[in-house]
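work.txt (compact mmCIF, C-alpha atoms)
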# COMPACT_ATOMS: atom_id res chain seq x y z
CA MET A 735 157.26 -34.15 20.84
CA SER A 736 156.61 -37.64 22.19
CA ASN A 737 153.72 -38.80 24.35
CA THR A 738 156.04 -38.78 27.36
CA ASN A 739 156.96 -35.14 26.67
CA VAL A 740 153.28 -34.20 26.32
CA ASN A 741 152.48 -35.88 29.64
CA LEU A 742 155.43 -34.17 31.33
CA ALA A 743 154.36 -30.78 29.92
CA GLU A 744 150.83 -31.41 31.25
CA LEU A 745 152.13 -32.30 34.70
CA ILE A 746 154.29 -29.16 34.79
CA GLY A 747 151.31 -27.05 33.66
CA SER A 748 149.07 -28.60 36.35
CA ARG A 749 151.68 -28.05 39.07
CA ILE A 750 152.32 -24.39 38.21
CA CYS A 751 148.60 -23.56 37.99
CA HIS A 752 147.84 -25.47 41.21
CA ASP A 753 150.57 -23.62 43.12
CA LEU A 754 149.54 -20.17 41.80
CA ILE A 755 145.76 -20.41 42.17
CA SER A 756 145.86 -20.42 46.01
CA PRO A 757 147.86 -17.19 46.48
CA ILE A 758 145.78 -15.45 43.75
CA GLY A 759 142.63 -16.54 45.58
CA ALA A 760 144.04 -15.25 48.88
CA ILE A 761 144.78 -11.84 47.31
CA THR A 762 141.23 -11.71 45.91
CA ASN A 763 139.80 -12.49 49.36
CA GLY A 764 142.04 -9.84 50.94
CA LEU A 765 140.86 -7.22 48.43
CA GLU A 766 137.22 -8.11 49.12
CA LEU A 767 137.82 -7.63 52.87
CA LEU A 768 139.46 -4.25 52.25
CA GLU A 769 136.49 -3.19 50.12
CA MET A 770 134.03 -4.32 52.82
CA VAL A 771 135.68 -2.20 55.52
CA GLY A 772 136.10 0.67 53.04
CA SER A 773 139.71 1.31 54.05
CA VAL A 774 141.02 1.50 50.48
CA GLN A 775 139.11 2.95 47.53
CA GLY A 776 139.83 4.65 44.25
CA PRO A 777 141.45 3.89 40.88
CA GLU A 778 144.44 2.13 42.49
CA MET A 779 142.13 -0.42 44.11
CA ASP A 780 140.26 -0.90 40.82
CA LEU A 781 143.55 -1.49 39.00
CA ILE A 782 144.75 -4.07 41.54
CA SER A 783 141.37 -5.79 41.67
CA GLY A 784 141.10 -5.94 37.85
CA SER A 785 144.65 -7.28 37.49
CA VAL A 786 144.14 -9.99 40.11
CA GLY A 787 140.83 -11.01 38.51
CA SER A 788 142.51 -11.20 35.12
CA ALA A 789 145.40 -13.29 36.49
CA GLY A 790 143.02 -15.68 38.22
CA ALA A 791 140.95 -16.14 35.05
CA ARG A 792 144.04 -16.88 32.94
CA ILE A 793 145.41 -19.37 35.47
CA ARG A 794 142.10 -21.27 35.59
CA PHE A 795 142.04 -21.27 31.78
CA PHE A 796 145.69 -22.44 31.59
CA ARG A 797 144.94 -25.21 34.08
CA VAL A 798 142.56 -26.75 31.53
CA ALA A 799 144.62 -25.87 28.42
CA PHE A 800 148.05 -26.93 29.74
CA GLY A 801 147.25 -29.25 32.64
CA SER A 802 146.68 -32.98 32.63
CA ALA A 803 143.18 -33.87 31.50
CA SER A 804 140.97 -36.93 31.78
CA ASP A 805 137.73 -37.78 30.02
CA GLN A 806 135.84 -36.61 33.12
CA PRO A 807 133.03 -34.27 31.96
CA LEU A 808 133.31 -30.52 32.32
CA GLY A 809 129.91 -28.82 32.63
CA ARG A 810 128.70 -26.10 30.28
CA ALA A 811 128.17 -23.61 33.15
CA GLU A 812 131.72 -24.08 34.44
CA VAL A 813 133.25 -23.63 30.97
CA ALA A 814 131.00 -20.63 30.18
CA GLU A 815 131.95 -18.88 33.44
CA LEU A 816 135.64 -19.53 32.84
CA LEU A 817 135.46 -18.19 29.27
CA LYS A 818 133.46 -15.14 30.39
CA ASP A 819 136.25 -14.27 32.84
CA VAL A 820 138.92 -14.78 30.15
CA GLU A 821 136.92 -12.70 27.67
CA ARG A 822 136.63 -9.85 30.19
CA ALA A 823 140.43 -9.83 30.55
CA GLY A 824 141.22 -9.82 26.79
CA ARG A 825 140.24 -8.43 23.40
CA VAL A 826 138.58 -11.52 21.95
CA ARG A 827 134.87 -12.39 22.15
CA ILE A 828 134.27 -16.11 22.70
CA ASN A 829 131.18 -18.06 21.60
CA TRP A 830 130.95 -21.51 23.20
CA HIS A 831 128.20 -23.26 21.21
CA LEU A 832 127.74 -26.27 23.48
CA THR A 833 124.87 -27.00 25.81
CA GLU A 834 126.03 -30.35 27.24
CA ALA A 835 128.94 -31.31 29.47
CA VAL A 836 131.92 -32.56 27.44
CA PRO A 837 135.07 -34.51 28.39
CA ARG A 838 137.77 -32.31 29.94
CA ASN A 839 140.44 -33.58 27.50
CA GLN A 840 138.32 -32.37 24.56
CA VAL A 841 137.83 -28.97 26.22
CA LYS A 842 141.63 -28.89 26.57
CA LEU A 843 142.00 -29.27 22.78
CA ALA A 844 139.35 -26.59 22.19
CA PHE A 845 141.19 -24.19 24.53
CA LEU A 846 144.55 -24.83 22.82
CA ALA A 847 142.91 -24.21 19.42
CA MET A 848 141.30 -21.05 20.81
CA MET A 849 144.75 -19.84 21.92
CA CYS A 850 146.08 -20.44 18.40
CA CYS A 851 143.24 -18.29 17.01
CA GLU A 852 143.82 -15.61 19.66
CA GLY A 853 147.48 -15.41 18.64
CA ALA A 854 146.41 -14.45 15.11
CA MET A 855 144.15 -11.63 16.36
CA PRO A 856 146.35 -8.99 18.02
CA PHE A 857 143.66 -6.33 17.49
CA GLY A 858 140.81 -8.49 18.78
CA GLY A 859 138.16 -10.55 17.07
CA GLU A 860 135.75 -13.39 17.71
CA VAL A 861 136.30 -17.09 18.37
CA THR A 862 133.49 -19.61 17.92
CA ILE A 863 133.78 -23.13 19.36
CA GLU A 864 131.45 -25.89 18.16
CA ASN A 865 131.22 -29.62 18.73
CA LEU A 866 130.12 -31.26 15.48
CA GLY A 867 129.51 -34.72 16.93
CA ASP A 868 132.64 -36.67 16.01
CA SER A 869 134.78 -33.55 15.65
CA TRP A 870 135.25 -30.00 16.88
CA MET A 871 135.53 -26.73 14.95
CA VAL A 872 137.22 -23.65 16.40
CA LYS A 873 136.94 -20.56 14.16
CA GLY A 874 138.55 -17.19 14.62
CA THR A 875 137.39 -14.15 12.64
CA ALA A 876 138.77 -10.61 12.65
CA ASP A 877 138.99 -7.62 10.34
CA LYS A 878 142.75 -8.02 10.40
CA LEU A 879 144.63 -11.25 11.09
CA ASN A 880 148.34 -11.58 11.72
CA LEU A 881 149.20 -15.10 10.56
CA ASP A 882 152.58 -16.74 11.07
CA ASN A 883 152.63 -18.91 7.94
CA ASP A 884 155.06 -21.47 9.38
CA LEU A 885 152.87 -22.06 12.44
CA TRP A 886 149.56 -22.27 10.59
CA LYS A 887 150.80 -24.28 7.61
CA ASN A 888 152.51 -26.86 9.84
CA LEU A 889 149.97 -26.99 12.68
CA PRO A 890 148.48 -30.31 11.46
CA THR A 891 151.86 -32.08 11.78
CA GLY A 892 153.40 -30.10 14.64
CA ARG A 893 156.73 -29.95 12.78
CA PHE A 894 157.78 -26.34 12.34
CA ALA A 895 160.63 -24.86 10.31
CA ASN A 896 161.38 -22.28 13.03
CA ALA A 897 161.77 -22.80 16.76
CA VAL A 898 158.48 -22.33 18.62
CA LYS A 899 158.55 -19.36 21.02
CA PRO A 900 156.97 -19.52 24.50
CA ALA A 901 153.97 -17.44 23.32
CA GLN A 902 153.39 -20.05 20.57
CA VAL A 903 153.57 -23.22 22.68
CA GLN A 904 149.89 -24.00 21.96
CA PHE A 905 150.82 -24.68 18.32
CA ALA A 906 153.24 -27.41 19.42
CA LEU A 907 150.93 -28.90 22.05
CA LEU A 908 147.69 -29.02 20.04
CA PRO A 909 148.70 -31.57 17.35
CA ASP A 910 150.56 -33.80 19.84
CA THR A 911 147.76 -33.75 22.39
CA ALA A 912 145.22 -34.44 19.63
CA ALA A 913 147.33 -37.36 18.35
CA SER A 914 147.50 -38.84 21.86
CA MET A 915 143.66 -38.89 21.78
CA GLY A 916 143.52 -40.44 18.29
CA ARG A 917 142.53 -37.17 16.60
CA ARG A 918 144.06 -35.25 13.68
CA VAL A 919 144.21 -31.49 13.30
CA ALA A 920 143.10 -29.77 10.06
CA VAL A 921 143.47 -26.05 9.32
CA GLU A 922 141.91 -23.54 6.90
CA THR A 923 142.97 -19.90 6.67
CA THR A 924 141.81 -16.84 4.75
CA SER A 925 142.67 -13.16 5.17
CA THR A 926 139.94 -12.69 7.81
CA ARG A 927 139.28 -16.19 9.15
CA VAL A 928 141.14 -19.16 10.64
CA ALA A 929 139.50 -22.51 11.33
CA ILE A 930 140.90 -25.48 13.24
CA ARG A 931 139.17 -28.84 13.15
CA PHE A 932 140.09 -31.87 15.23
Written as structure tokens, how would this file's structure read?
Amino acid sequence: MSNTNVNLAELIGSRICHDLISPIGAITNGLELLEMVGSVQGPEMDLISGSVGSAGARIRFFRVAFGSASDQPLGRAEVAELLKDVERAGRVRINWHLTEAVPRNQVKLAFLAMMCCEGAMPFGGEVTIENLGDSWMVKGTADKLNLDNDLWKNLPTGRFANAVKPAQVQFALLPDTAASMGRRVAVETTSTRVAIRF
């Protein structure tokens, strides 16, 4: 994937997320109004409310992971709130070990790496994200990992033997996005742990 393709993918990601976040927000506001007047209650309302909250969290997360990113700082509180919402909607616990604001394009890489780890943990697990000064470390641990050897072995180069499926797009984007920022991706895997450094 060339730099032009990466930029085009980012623009597409930004556009889709931008266009979806407004209607999701409107539905959330509508549900809050219905709750305030007490006209609709019960498990159906809880299901709709939970689903809309989950969709909104994923779209905000995807906006950072797949959208165009600058070196403008993203605050710790904003990232922590976003990850808390994503965590609530999934099976993976997320530990964001940063106290300072960090450039949005680096958060983008961390989110793509987190998605790679998530993909290896179908039964849940824990992802830890650390900034080590000049580099980042994203580690995923679980009792049982499901590793696609082609994806993990070739993640540093981004050249895969098999065609990348839509659910695996983060594996293709991470090394190319890192390269566009002058960074290289390194990977370590064991039976219970995956680690991505960039």
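Within 12 Å of A:Met871, once all atoms listed in the file are used and residues closer than 5 positions along the same chain are dropped, the contacting residues are Asn829, Trp830, His831, Leu832, Gln840, Val841, Leu843, Ala844, Phe845, Ala847, Met848, Cys851, Val861, Thr862, Ile863, Glu864, Asn865, Leu866, Val919, Ala920, Val921, Glu922, Val928, Ala929, Ile930, Arg931 and Phe932 of chain A.
One distance worth recording is that between atom CA of A:Met849 and atom CA of A:Gln904, which is 6.6 Å.
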Item to check | Contacts of A:Val786 at 8 Å (only C-alpha atoms; same-chain gap of 6+ positions) as a count of residues only | outcome: 3
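What separates atom CA of A:Ser783 from atom CA of A:Ser756 is a distance of 15.9 Å.
Distances to A:Gly874 were evaluated for A:Pro856, A:Pro890, A:Pro837, A:Gly790 using only C-alpha atoms, and the minimum falls at A:Pro856.
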Item to check | A:Phe796 environment, 10 Å, only C-alpha atoms, sequence neighbours closer than 4 positions dropped, as a PyMOL selection string | outcome: chain A and resi 747-748+750-751+790-792+800-801+842+845-846
Suppose we keep C-alpha atoms; can you now write the selection as a compact mmCIF listing (two decimals), in the frame of the given file?
# COMPACT_ATOMS: atom_id res chain seq x y z
CA GLY A 747 151.31 -27.05 33.66
CA SER A 748 149.07 -28.60 36.35
CA ILE A 750 152.32 -24.39 38.21
CA CYS A 751 148.60 -23.56 37.99
CA GLY A 790 143.02 -15.68 38.22
CA ALA A 791 140.95 -16.14 35.05
CA ARG A 792 144.04 -16.88 32.94
CA PHE A 800 148.05 -26.93 29.74
CA GLY A 801 147.25 -29.25 32.64
CA LYS A 842 141.63 -28.89 26.57
CA PHE A 845 141.19 -24.19 24.53
CA LEU A 846 144.55 -24.83 22.82
Spatial neighbours of A:Arg825, max dist 9 Å, only C-alpha atoms, sep filter under 2 positions, as a JSON list (two decimals) with C-alpha atoms, keeping the file's coordinate frame:
[["chain", "number", "residue", "atom", "x", "y", "z"],
["A", 821, "GLU", "CA", 136.92, -12.70, 27.67],
["A", 822, "ARG", "CA", 136.63, -9.85, 30.19],
["A", 823, "ALA", "CA", 140.43, -9.83, 30.55],
["A", 827, "ARG", "CA", 134.87, -12.39, 22.15],
["A", 852, "GLU", "CA", 143.82, -15.61, 19.66],
["A", 855, "MET", "CA", 144.15, -11.63, 16.36],
["A", 856, "PRO", "CA", 146.35, -8.99, 18.02],
["A", 857, "PHE", "CA", 143.66, -6.33, 17.49],
["A", 858, "GLY", "CA", 140.81, -8.49, 18.78],
["A", 859, "GLY", "CA", 138.16, -10.55, 17.07],
["A", 860, "GLU", "CA", 135.75, -13.39, 17.71]]
Checklist entry - If you measure from atom CA of A:Leu908 to atom CA of A:Cys850, what distance in Å do you get, rounded to one decimal? => result 8.9 Å
Next on the checklist: Residues near A:Arg749, anyone? I mean within 10 Å using all atoms listed in the file, not counting same-chain ones fewer than 6 positions away, as number ranges by chain.
Outcome noted: A: 743, 797, 801-802
Output for the residues just chosen: C-alpha atoms as a short mmCIF file (atom, residue, chain, number, x, y, z; two decimals), in the coordinates of the input:
data_model
loop_
_atom_site.label_atom_id
_atom_site.label_comp_id
_atom_site.auth_asym_id
_atom_site.auth_seq_id
_atom_site.Cartn_x
_atom_site.Cartn_y
_atom_site.Cartn_z
CA ALA A 743 154.36 -30.78 29.92
CA ARG A 797 144.94 -25.21 34.08
CA GLY A 801 147.25 -29.25 32.64
CA SER A 802 146.68 -32.98 32.63
#
Kindly complete stretch 750-775 of chain A to N, CA and C atoms; the output should be written as a compact mmCIF listing (two decimals), in the coordinates of the input.
# COMPACT_ATOMS: atom_id res chain seq x y z
N ILE A 750 152.18 -25.85 38.15
CA ILE A 750 152.32 -24.39 38.21
C ILE A 750 150.97 -23.74 38.51
N CYS A 751 149.92 -24.15 37.78
CA CYS A 751 148.60 -23.56 37.99
C CYS A 751 148.07 -23.86 39.39
N HIS A 752 148.28 -25.08 39.87
CA HIS A 752 147.84 -25.47 41.21
C HIS A 752 148.51 -24.61 42.27
N ASP A 753 149.82 -24.38 42.11
CA ASP A 753 150.57 -23.62 43.12
C ASP A 753 150.24 -22.12 43.07
N LEU A 754 149.83 -21.60 41.91
CA LEU A 754 149.54 -20.17 41.80
C LEU A 754 148.10 -19.80 42.15
N ILE A 755 147.17 -20.75 41.98
CA ILE A 755 145.76 -20.41 42.17
C ILE A 755 145.45 -20.06 43.62
N SER A 756 146.12 -20.71 44.59
CA SER A 756 145.86 -20.42 46.01
C SER A 756 146.27 -19.00 46.41
N PRO A 757 147.52 -18.57 46.11
CA PRO A 757 147.86 -17.19 46.48
C PRO A 757 147.02 -16.13 45.75
N ILE A 758 146.65 -16.40 44.49
CA ILE A 758 145.78 -15.45 43.75
C ILE A 758 144.42 -15.36 44.44
N GLY A 759 143.91 -16.52 44.86
CA GLY A 759 142.63 -16.54 45.58
C GLY A 759 142.72 -15.80 46.90
N ALA A 760 143.85 -15.95 47.60
CA ALA A 760 144.04 -15.25 48.88
C ALA A 760 144.08 -13.73 48.67
N ILE A 761 144.74 -13.28 47.61
CA ILE A 761 144.78 -11.84 47.31
C ILE A 761 143.38 -11.32 47.01
N THR A 762 142.62 -12.10 46.23
CA THR A 762 141.23 -11.71 45.91
C THR A 762 140.40 -11.57 47.18
N ASN A 763 140.54 -12.55 48.09
CA ASN A 763 139.80 -12.49 49.36
C ASN A 763 140.22 -11.28 50.18
N GLY A 764 141.53 -11.00 50.21
CA GLY A 764 142.04 -9.84 50.94
C GLY A 764 141.49 -8.53 50.39
N LEU A 765 141.42 -8.43 49.06
CA LEU A 765 140.86 -7.22 48.43
C LEU A 765 139.38 -7.05 48.77
N GLU A 766 138.64 -8.17 48.78
CA GLU A 766 137.22 -8.11 49.12
C GLU A 766 137.03 -7.62 50.55
N LEU A 767 137.89 -8.08 51.47
CA LEU A 767 137.82 -7.63 52.87
C LEU A 767 138.11 -6.14 52.98
N LEU A 768 139.13 -5.68 52.23
CA LEU A 768 139.46 -4.25 52.25
C LEU A 768 138.30 -3.41 51.72
N GLU A 769 137.64 -3.91 50.68
CA GLU A 769 136.49 -3.19 50.12
C GLU A 769 135.34 -3.14 51.11
N MET A 770 135.13 -4.26 51.85
CA MET A 770 134.03 -4.32 52.82
C MET A 770 134.21 -3.30 53.94
N VAL A 771 135.44 -3.14 54.43
CA VAL A 771 135.68 -2.20 55.52
C VAL A 771 135.87 -0.78 54.99
N GLY A 772 136.00 -0.65 53.66
CA GLY A 772 136.10 0.67 53.04
C GLY A 772 137.39 1.41 53.32
N SER A 773 138.45 0.65 53.69
CA SER A 773 139.71 1.31 54.05
C SER A 773 140.51 1.77 52.83
N VAL A 774 140.30 1.10 51.69
CA VAL A 774 141.02 1.50 50.48
C VAL A 774 140.02 1.61 49.33
N GLN A 775 139.99 2.77 48.67
CA GLN A 775 139.11 2.95 47.53
C GLN A 775 139.82 3.78 46.48
